[in-house]
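Note: the block below is work33.json and it holds JSON, C-alpha atoms and all ligand atoms.
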[["chain", "number", "residue", "atom", "x", "y", "z"],
["A", 1, "TYR", "CA", -17.05, -34.79, -11.47],
["A", 2, "PRO", "CA", -18.15, -31.17, -11.57],
["A", 3, "TRP", "CA", -20.32, -29.72, -8.79],
["A", 4, "GLY", "CA", -23.91, -28.81, -9.55],
["A", 5, "TYR", "CA", -27.36, -28.78, -8.00],
["A", 6, "ASP", "CA", -28.42, -32.39, -8.57],
["A", 7, "SER", "CA", -28.64, -35.07, -5.86],
["A", 8, "ASP", "CA", -25.26, -36.59, -6.77],
["A", 9, "ASN", "CA", -23.29, -33.34, -7.09],
["A", 10, "GLY", "CA", -25.43, -30.84, -5.18],
["A", 11, "PRO", "CA", -24.96, -28.68, -2.04],
["A", 12, "ASP", "CA", -24.80, -31.65, 0.36],
["A", 13, "GLN", "CA", -21.85, -33.10, -1.58],
["A", 14, "TRP", "CA", -19.82, -29.92, -2.19],
["A", 15, "HIS", "CA", -17.81, -30.30, 1.03],
["A", 16, "LYS", "CA", -16.11, -33.41, -0.39],
["A", 17, "ASN", "CA", -14.13, -31.30, -2.87],
["A", 18, "TYR", "CA", -14.51, -27.96, -1.05],
["A", 19, "PRO", "CA", -14.19, -28.67, 2.71],
["A", 20, "ILE", "CA", -14.81, -24.99, 3.54],
["A", 21, "ALA", "CA", -18.43, -25.62, 2.50],
["A", 22, "LYS", "CA", -18.83, -26.84, 6.10],
["A", 23, "GLY", "CA", -17.21, -23.66, 7.47],
["A", 24, "ARG", "CA", -18.57, -21.28, 10.09],
["A", 25, "HIS", "CA", -19.26, -18.33, 7.77],
["A", 26, "GLN", "CA", -21.14, -19.97, 4.93],
["A", 27, "SER", "CA", -23.87, -18.38, 2.78],
["A", 28, "PRO", "CA", -26.76, -18.05, 2.24],
["A", 29, "ILE", "CA", -28.43, -17.68, 5.64],
["A", 30, "GLU", "CA", -31.88, -17.09, 7.05],
["A", 31, "ILE", "CA", -32.49, -13.39, 7.92],
["A", 32, "ASN", "CA", -34.97, -13.01, 10.79],
["A", 33, "ASN", "CA", -36.03, -9.51, 11.82],
["A", 34, "LYS", "CA", -36.02, -10.48, 15.48],
["A", 35, "GLU", "CA", -32.42, -11.65, 15.27],
["A", 36, "VAL", "CA", -30.79, -8.72, 13.49],
["A", 37, "HIS", "CA", -29.12, -5.95, 15.43],
["A", 38, "TYR", "CA", -29.16, -2.34, 14.30],
["A", 39, "ASP", "CA", -25.66, -1.10, 13.69],
["A", 40, "ARG", "CA", -25.78, 2.68, 13.86],
["A", 41, "SER", "CA", -22.23, 2.92, 12.49],
["A", 42, "LEU", "CA", -23.40, 1.58, 9.12],
["A", 43, "LEU", "CA", -23.48, 4.11, 6.26],
["A", 44, "PRO", "CA", -25.53, 4.35, 3.07],
["A", 45, "TRP", "CA", -24.02, 2.54, 0.10],
["A", 46, "PHE", "CA", -23.56, 4.03, -3.38],
["A", 47, "ALA", "CA", -23.06, 2.45, -6.79],
["A", 48, "SER", "CA", -21.38, 4.44, -9.56],
["A", 49, "TYR", "CA", -21.50, 2.25, -12.64],
["A", 50, "ASP", "CA", -20.29, 3.14, -16.15],
["A", 51, "PRO", "CA", -22.70, 1.61, -18.71],
["A", 52, "GLY", "CA", -19.75, 1.35, -21.10],
["A", 53, "ALA", "CA", -18.18, -1.27, -18.79],
["A", 54, "ALA", "CA", -20.79, -3.90, -19.70],
["A", 55, "LYS", "CA", -19.32, -6.52, -22.05],
["A", 56, "THR", "CA", -21.13, -9.82, -22.56],
["A", 57, "ILE", "CA", -23.93, -12.05, -21.27],
["A", 58, "LEU", "CA", -23.36, -15.77, -21.02],
["A", 59, "ASN", "CA", -24.87, -19.08, -19.95],
["A", 60, "ASN", "CA", -22.18, -21.06, -18.07],
["A", 61, "GLY", "CA", -24.49, -23.98, -17.41],
["A", 62, "LYS", "CA", -24.99, -22.85, -13.80],
["A", 63, "THR", "CA", -26.48, -19.35, -14.21],
["A", 64, "CYS", "CA", -26.98, -16.42, -16.58],
["A", 65, "ARG", "CA", -24.07, -14.01, -16.06],
["A", 66, "ILE", "CA", -23.26, -10.51, -17.37],
["A", 67, "VAL", "CA", -19.57, -9.58, -17.17],
["A", 68, "PHE", "CA", -18.08, -6.10, -16.93],
["A", 69, "ASP", "CA", -14.66, -4.53, -17.60],
["A", 70, "ASP", "CA", -12.98, -4.49, -14.19],
["A", 71, "SER", "CA", -9.48, -3.50, -15.40],
["A", 72, "PHE", "CA", -9.76, -0.19, -13.48],
["A", 73, "ASP", "CA", -12.13, 1.60, -11.06],
["A", 74, "ARG", "CA", -14.74, 2.06, -13.76],
["A", 75, "SER", "CA", -17.90, 0.70, -12.11],
["A", 76, "VAL", "CA", -17.68, 0.73, -8.34],
["A", 77, "LEU", "CA", -19.68, 0.12, -5.17],
["A", 78, "ARG", "CA", -18.76, 2.04, -2.00],
["A", 79, "GLY", "CA", -20.05, 3.06, 1.43],
["A", 80, "GLY", "CA", -22.35, 0.81, 3.46],
["A", 81, "PRO", "CA", -20.16, -1.62, 5.42],
["A", 82, "LEU", "CA", -17.32, -1.34, 2.89],
["A", 83, "PRO", "CA", -13.90, 0.14, 3.76],
["A", 84, "GLY", "CA", -13.36, 1.57, 0.25],
["A", 85, "VAL", "CA", -14.44, 1.16, -3.37],
["A", 86, "TYR", "CA", -15.05, -2.30, -4.81],
["A", 87, "ARG", "CA", -15.02, -2.98, -8.57],
["A", 88, "LEU", "CA", -18.06, -4.50, -10.30],
["A", 89, "ARG", "CA", -16.98, -7.71, -12.08],
["A", 90, "GLN", "CA", -20.17, -9.61, -12.92],
["A", 91, "LEU", "CA", -23.82, -10.10, -12.11],
["A", 92, "HIS", "CA", -25.82, -13.34, -12.18],
["A", 93, "PHE", "CA", -29.07, -14.85, -10.99],
["A", 94, "HIS", "CA", -30.40, -17.75, -8.90],
["A", 95, "TRP", "CA", -33.95, -18.99, -9.47],
["A", 96, "GLY", "CA", -36.33, -21.88, -8.79],
["A", 97, "SER", "CA", -38.42, -24.30, -10.84],
["A", 98, "SER", "CA", -41.56, -22.37, -9.84],
["A", 99, "ASP", "CA", -42.40, -18.89, -8.53],
["A", 100, "ASP", "CA", -42.68, -19.95, -4.87],
["A", 101, "HIS", "CA", -38.93, -20.52, -4.38],
["A", 102, "GLY", "CA", -35.53, -19.80, -5.92],
["A", 103, "SER", "CA", -33.84, -17.19, -3.75],
["A", 104, "GLU", "CA", -30.78, -18.15, -1.69],
["A", 105, "HIS", "CA", -31.27, -15.87, 1.31],
["A", 106, "VAL", "CA", -34.59, -16.32, 3.13],
["A", 107, "VAL", "CA", -36.24, -13.40, 4.99],
["A", 108, "ASN", "CA", -38.47, -14.28, 7.96],
["A", 109, "GLY", "CA", -39.23, -17.60, 6.31],
["A", 110, "VAL", "CA", -40.03, -15.99, 2.94],
["A", 111, "ARG", "CA", -38.39, -17.49, -0.13],
["A", 112, "TYR", "CA", -38.47, -15.22, -3.19],
["A", 113, "ALA", "CA", -38.69, -16.45, -6.79],
["A", 114, "GLY", "CA", -35.09, -15.50, -7.42],
["A", 115, "GLU", "CA", -32.07, -13.50, -6.34],
["A", 116, "LEU", "CA", -29.78, -11.18, -8.32],
["A", 117, "HIS", "CA", -26.12, -10.98, -7.24],
["A", 118, "LEU", "CA", -23.77, -8.18, -8.27],
["A", 119, "LEU", "CA", -20.22, -9.24, -7.48],
["A", 120, "HIS", "CA", -17.51, -6.65, -6.71],
["A", 121, "TRP", "CA", -13.87, -7.13, -5.66],
["A", 122, "ASN", "CA", -11.50, -5.03, -3.55],
["A", 123, "PRO", "CA", -8.87, -3.41, -5.81],
["A", 124, "LYS", "CA", -6.43, -3.15, -2.92],
["A", 125, "TYR", "CA", -5.60, -6.71, -3.99],
["A", 126, "SER", "CA", -3.76, -7.23, -7.26],
["A", 127, "ASN", "CA", -6.57, -9.20, -8.90],
["A", 128, "TYR", "CA", -9.87, -11.00, -8.37],
["A", 129, "LEU", "CA", -8.29, -14.36, -7.56],
["A", 130, "ASP", "CA", -6.16, -12.75, -4.86],
["A", 131, "ALA", "CA", -9.24, -10.98, -3.49],
["A", 132, "VAL", "CA", -11.21, -14.23, -3.12],
["A", 133, "ARG", "CA", -8.61, -15.41, -0.56],
["A", 134, "ARG", "CA", -9.19, -12.39, 1.71],
["A", 135, "THR", "CA", -11.99, -11.81, 4.20],
["A", 136, "ASP", "CA", -12.48, -8.27, 2.83],
["A", 137, "GLY", "CA", -11.88, -9.32, -0.78],
["A", 138, "ILE", "CA", -15.37, -9.48, -2.23],
["A", 139, "ALA", "CA", -18.68, -7.59, -1.84],
["A", 140, "VAL", "CA", -21.93, -8.96, -3.26],
["A", 141, "LEU", "CA", -25.03, -6.78, -3.54],
["A", 142, "ALA", "CA", -28.05, -9.10, -3.44],
["A", 143, "ILE", "CA", -31.53, -8.13, -4.68],
["A", 144, "PHE", "CA", -34.59, -10.37, -4.34],
["A", 145, "LEU", "CA", -36.83, -11.02, -7.34],
["A", 146, "GLN", "CA", -40.50, -11.05, -6.37],
["A", 147, "VAL", "CA", -43.20, -12.09, -8.84],
["A", 148, "GLY", "CA", -45.87, -9.42, -9.30],
["A", 149, "LYS", "CA", -48.23, -7.81, -11.79],
["A", 150, "THR", "CA", -46.21, -4.66, -12.55],
["A", 151, "PRO", "CA", -42.75, -5.99, -13.54],
["A", 152, "LYS", "CA", -39.72, -3.72, -13.71],
["A", 153, "PRO", "CA", -39.31, -2.74, -17.38],
["A", 154, "GLU", "CA", -35.52, -2.56, -16.94],
["A", 155, "MET", "CA", -35.38, -6.38, -16.62],
["A", 156, "LYS", "CA", -36.69, -6.71, -20.18],
["A", 157, "ARG", "CA", -33.38, -6.21, -21.93],
["A", 158, "ILE", "CA", -31.67, -9.02, -20.01],
["A", 159, "LEU", "CA", -34.55, -11.41, -20.64],
["A", 160, "GLU", "CA", -34.69, -10.55, -24.36],
["A", 161, "GLU", "CA", -31.07, -11.69, -24.59],
["A", 162, "ILE", "CA", -31.88, -15.10, -23.06],
["A", 163, "ASN", "CA", -32.80, -16.53, -26.50],
["A", 164, "ALA", "CA", -29.23, -15.90, -27.66],
["A", 165, "ILE", "CA", -27.66, -17.85, -24.77],
["A", 166, "LYS", "CA", -30.04, -20.81, -24.43],
["A", 167, "THR", "CA", -27.38, -23.49, -23.90],
["A", 168, "LYS", "CA", -24.20, -23.84, -21.83],
["A", 169, "GLY", "CA", -21.23, -21.99, -23.26],
["A", 170, "LYS", "CA", -23.27, -19.60, -25.37],
["A", 171, "GLU", "CA", -22.29, -15.93, -25.05],
["A", 172, "ALA", "CA", -23.56, -12.72, -26.64],
["A", 173, "PRO", "CA", -22.41, -9.08, -26.61],
["A", 174, "PHE", "CA", -24.19, -7.05, -23.96],
["A", 175, "PRO", "CA", -22.98, -3.44, -24.35],
["A", 176, "ASN", "CA", -24.17, -0.19, -22.74],
["A", 177, "PHE", "CA", -25.83, -1.47, -19.61],
["A", 178, "ASP", "CA", -25.90, 0.17, -16.17],
["A", 179, "PRO", "CA", -27.18, -2.46, -13.71],
["A", 180, "SER", "CA", -28.16, 0.19, -11.16],
["A", 181, "ILE", "CA", -31.34, 0.70, -13.23],
["A", 182, "LEU", "CA", -32.42, -2.65, -11.69],
["A", 183, "PHE", "CA", -32.19, -1.33, -8.11],
["A", 184, "PRO", "CA", -35.38, -0.93, -6.03],
["A", 185, "LYS", "CA", -36.36, 2.49, -4.63],
["A", 186, "SER", "CA", -35.15, 1.86, -1.08],
["A", 187, "HIS", "CA", -31.43, 1.28, -0.38],
["A", 188, "ASP", "CA", -32.17, -0.25, 3.05],
["A", 189, "TYR", "CA", -30.01, -3.33, 3.56],
["A", 190, "TRP", "CA", -28.83, -6.08, 5.85],
["A", 191, "THR", "CA", -25.15, -6.98, 5.91],
["A", 192, "TYR", "CA", -23.09, -9.89, 7.23],
["A", 193, "HIS", "CA", -19.84, -11.69, 6.50],
["A", 194, "GLY", "CA", -20.23, -14.89, 4.50],
["A", 195, "SER", "CA", -19.12, -16.95, 1.56],
["A", 196, "PHE", "CA", -19.67, -17.72, -2.09],
["A", 197, "THR", "CA", -22.94, -19.66, -2.33],
["A", 198, "THR", "CA", -21.31, -22.02, -4.81],
["A", 199, "PRO", "CA", -17.95, -23.81, -4.84],
["A", 200, "PRO", "CA", -15.26, -22.85, -3.98],
["A", 201, "CYS", "CA", -17.41, -21.45, -1.09],
["A", 202, "GLU", "CA", -14.56, -19.16, 0.03],
["A", 203, "GLU", "CA", -15.51, -17.07, 3.10],
["A", 204, "CYS", "CA", -14.47, -13.76, 1.55],
["A", 205, "ILE", "CA", -17.76, -11.99, 1.03],
["A", 206, "THR", "CA", -19.29, -8.91, 2.63],
["A", 207, "TRP", "CA", -22.94, -9.46, 1.79],
["A", 208, "ILE", "CA", -25.18, -6.41, 1.28],
["A", 209, "ILE", "CA", -28.77, -7.65, 0.94],
["A", 210, "LEU", "CA", -31.46, -5.16, -0.07],
["A", 211, "ARG", "CA", -34.63, -5.31, 1.98],
["A", 212, "GLU", "CA", -36.87, -4.21, -0.94],
["A", 213, "PRO", "CA", -37.29, -6.80, -3.73],
["A", 214, "ILE", "CA", -37.65, -5.86, -7.41],
["A", 215, "ILE", "CA", -40.81, -7.00, -9.14],
["A", 216, "VAL", "CA", -40.61, -9.37, -12.09],
["A", 217, "SER", "CA", -43.45, -11.07, -13.95],
["A", 218, "SER", "CA", -44.16, -14.78, -13.89],
["A", 219, "ASP", "CA", -43.41, -14.78, -17.64],
["A", 220, "GLN", "CA", -40.01, -13.21, -16.97],
["A", 221, "MET", "CA", -39.22, -15.96, -14.43],
["A", 222, "ALA", "CA", -40.38, -18.53, -17.02],
["A", 223, "LYS", "CA", -37.91, -16.92, -19.44],
["A", 224, "LEU", "CA", -35.04, -17.55, -17.02],
["A", 225, "ARG", "CA", -36.26, -21.13, -16.60],
["A", 226, "SER", "CA", -36.10, -21.58, -20.40],
["A", 227, "LEU", "CA", -32.29, -21.63, -20.14],
["A", 228, "SER", "CA", -30.65, -25.04, -20.47],
["A", 229, "LYS", "CA", -27.72, -26.29, -18.42],
["A", 230, "ASN", "CA", -26.57, -28.61, -21.23],
["A", 231, "ALA", "CA", -24.51, -27.67, -24.28],
["A", 232, "GLU", "CA", -26.17, -27.21, -27.68],
["A", 233, "ASN", "CA", -25.78, -30.76, -28.99],
["A", 234, "GLU", "CA", -26.79, -32.53, -25.74],
["A", 235, "PRO", "CA", -30.21, -33.63, -24.42],
["A", 236, "ASP", "CA", -32.16, -30.68, -23.01],
["A", 237, "LEU", "CA", -31.86, -30.21, -19.22],
["A", 238, "PRO", "CA", -33.65, -27.12, -17.86],
["A", 239, "LEU", "CA", -31.43, -24.74, -15.88],
["A", 240, "VAL", "CA", -33.58, -24.32, -12.76],
["A", 241, "ASP", "CA", -33.14, -24.53, -8.96],
["A", 242, "ASN", "CA", -29.56, -23.18, -9.03],
["A", 243, "TRP", "CA", -29.82, -22.01, -5.40],
["A", 244, "ARG", "CA", -28.05, -23.23, -2.23],
["A", 245, "PRO", "CA", -30.15, -23.91, 0.88],
["A", 246, "THR", "CA", -29.54, -21.69, 3.93],
["A", 247, "GLN", "CA", -26.49, -22.61, 6.02],
["A", 248, "PRO", "CA", -25.97, -22.75, 9.82],
["A", 249, "ARG", "CA", -25.55, -19.23, 11.29],
["A", 250, "TYR", "CA", -22.96, -18.98, 14.10],
["A", 251, "PHE", "CA", -22.99, -15.20, 14.32],
["A", 252, "ARG", "CA", -25.25, -12.17, 14.48],
["A", 253, "MET", "CA", -26.61, -10.15, 11.56],
["A", 254, "ALA", "CA", -26.08, -6.43, 11.29],
["A", 255, "ASN", "CA", -28.82, -4.24, 9.86],
["A", 256, "SER", "CA", -28.58, -0.74, 8.49],
["A", 257, "LEU", "CA", -30.46, 2.22, 9.79],
["A", 258, "PHE", "CA", -33.03, 3.77, 7.44],
["A", 259, "MET", "CA", -31.21, 5.70, 4.78],
["A", 301, "LIG", "N1", -23.48, -16.74, -5.73],
["A", 301, "LIG", "S1", -22.19, -15.88, -5.39],
["A", 301, "LIG", "O1", -21.76, -16.21, -4.04],
["A", 301, "LIG", "O2", -22.46, -14.45, -5.62],
["A", 301, "LIG", "C1", -20.91, -16.33, -6.48],
["A", 301, "LIG", "C2", -20.23, -15.37, -7.21],
["A", 301, "LIG", "C3", -19.22, -15.72, -8.09],
["A", 301, "LIG", "C4", -18.89, -17.05, -8.26],
["A", 301, "LIG", "C5", -17.86, -17.41, -9.27],
["A", 301, "LIG", "C6", -16.54, -17.65, -8.72],
["A", 301, "LIG", "C7", -15.53, -17.84, -9.61],
["A", 301, "LIG", "C8", -14.23, -18.05, -9.17],
["A", 301, "LIG", "C9", -13.98, -18.06, -7.81],
["A", 301, "LIG", "N2", -12.65, -18.27, -7.33],
["A", 301, "LIG", "O3", -11.74, -18.34, -8.18],
["A", 301, "LIG", "O4", -12.48, -18.37, -6.08],
["A", 301, "LIG", "C10", -14.98, -17.87, -6.91],
["A", 301, "LIG", "C11", -16.27, -17.65, -7.38],
["A", 301, "LIG", "C12", -19.55, -18.01, -7.54],
["A", 301, "LIG", "C13", -20.58, -17.65, -6.64],
["A", 302, "ZN", "ZN", -24.88, -15.81, -6.69]]

Starting from the file, give its structure as structure tokens.
Amino acid sequence: YPWGYDSDNGPDQWHKNYPIAKGRHQSPIEINNKEVHYDRSLLPWFASYDPGAAKTILNNGKTCRIVFDDSFDRSVLRGGPLPGVYRLRQLHFHWGSSDDHGSEHVVNGVRYAGELHLLHWNPKYSNYLDAVRRTDGIAVLAIFLQVGKTPKPEMKRILEEINAIKTKGKEAPFPNFDPSILFPKSHDYWTYHGSFTTPPCEECITWIILREPIIVSSDQMAKLRSLSKNAENEPDLPLVDNWRPTQPRYFRMANSLFM
């Protein structure tokens, strides 16, 4: 029975099929300013994305995902805590059923309305599936979505495409898109070693979490919530609350210095 976010297949049950879900480096976690330690060896991070790498946008019943051509070092993330370049493979979102929750990471008790994840893999491994089995295999850049009055116009294009991928399995072309236009002004970040926040929950992720959220409008969040997790010919089930609660933290956070 496939995993999901409902009471019978949700985060508390995942460990039954994915025992690592009870591991010691699980994500997301709570980030508390008083518990981070400044790591002066951390460097600024840089994204060099080729807009031509963007391919399609799809609803997989769990999130809205945009996939990119990762057959060579075409769109890469580097610097920060990373030992080399990592290839952009996909981006996706997590969101709530209302504006007061939906993010996965929580900052000083604050839950944001949503969280954007840009997933990159380490090309020193032969492919993505090999990378997910390595502790330095994957890097996810996480950006909080905060509801406000002056939304980021760059989000518009993604949300306009939502109508074309309303139900599970629907996909649409999504060409010429450079996701770095979604980035906030500040590149300040926290970083720690963790896991996928969904099954298979592999502990292969270097998380880079931006301190500054991007602003979206309440209508834009409502647009995300208009996605359905069912297929076209099934009863309508809203795709909302696709976030994992924070997990036990057995280790310290590292923070970056101001850029
Ligand atoms: N939310 S998140 O931690 O950024 C995340 C990113 C990607 C995926 C999808 C995924 C797809 C496949 C595998 N895998 O084969 O091990 C692992 C993860 C799941 C979850
Ligand atoms: Zn995610």

Can you write out as a Markdown table which residues of chain A fall within 8 Å of ligand LIG 301 (chain A), alongside each residue's closest atom pair and its distance in Å to one decimal, counting all atoms listed in the file and ordering rows by chain and ascending residue number?
| residue | atom | partner | partner_atom | distance |
| --- | --- | --- | --- | --- |
| A:Ser27 | CA | A:LIG301 | O1 | 7.5 |
| A:Gln90 | CA | A:LIG301 | C3 | 7.8 |
| A:Leu91 | CA | A:LIG301 | O2 | 7.9 |
| A:His92 | CA | A:LIG301 | O2 | 7.5 |
| A:Phe93 | CA | A:LIG301 | N1 | 7.9 |
| A:His94 | CA | A:LIG301 | N1 | 7.7 |
| A:His117 | CA | A:LIG301 | O2 | 5.3 |
| A:Leu118 | CA | A:LIG301 | O2 | 6.9 |
| A:Leu119 | CA | A:LIG301 | O2 | 6.0 |
| A:Tyr128 | CA | A:LIG301 | O3 | 7.6 |
| A:Leu129 | CA | A:LIG301 | O3 | 5.3 |
| A:Val132 | CA | A:LIG301 | O4 | 5.2 |
| A:Arg133 | CA | A:LIG301 | O4 | 7.4 |
| A:Val140 | CA | A:LIG301 | O2 | 6.0 |
| A:Ser195 | CA | A:LIG301 | O1 | 6.2 |
| A:Phe196 | CA | A:LIG301 | O1 | 3.2 |
| A:Thr197 | CA | A:LIG301 | O1 | 4.0 |
| A:Thr198 | CA | A:LIG301 | C13 | 4.8 |
| A:Pro199 | CA | A:LIG301 | C12 | 6.6 |
| A:Pro200 | CA | A:LIG301 | O4 | 5.7 |
| A:Cys201 | CA | A:LIG301 | C10 | 7.3 |
| A:Glu202 | CA | A:LIG301 | O4 | 6.5 |
| A:Ile205 | CA | A:LIG301 | O1 | 7.7 |

**Request:** Counting only C-alpha atoms, note down every residue that has an atom within 6 Å of the point (-19.9, -3.3, -21.8) (file coordinates), as a PyMOL selection string.
**Result:** chain A and resi 52-55+68+175-176

**Request:** Counting only C-alpha atoms, find the residues whose atoms lie at most 10 Å from (-19.5, -32.6, -9.2) (file coordinates) and write them out as a ChimeraX atom specification.
**Result:** /A:1-6,8-11,13-14,16-17,199

Give me the residues within 12 Å of A:Pro153 as a compact mmCIF listing (two decimals) with C-alpha atoms, in the frame of the given file, counting all atoms listed in the file and dropping any in the same chain fewer than 5 places off.
# COMPACT_ATOMS: atom_id res chain seq x y z
CA ILE A 158 -31.67 -9.02 -20.01
CA LEU A 159 -34.55 -11.41 -20.64
CA GLU A 160 -34.69 -10.55 -24.36
CA ILE A 181 -31.34 0.70 -13.23
CA LEU A 182 -32.42 -2.65 -11.69
CA PHE A 183 -32.19 -1.33 -8.11
CA ILE A 214 -37.65 -5.86 -7.41
CA ILE A 215 -40.81 -7.00 -9.14
CA VAL A 216 -40.61 -9.37 -12.09
CA SER A 217 -43.45 -11.07 -13.95
CA GLN A 220 -40.01 -13.21 -16.97

**Message:** as a PyMOL selection string, please: the residues near A:His193 (cut-off 12 Å, only C-alpha atoms, same-chain neighbours under 3 positions excluded).
**Reply:** chain A and resi 24-29+81-82+134-140+190+196+202-209+249-254
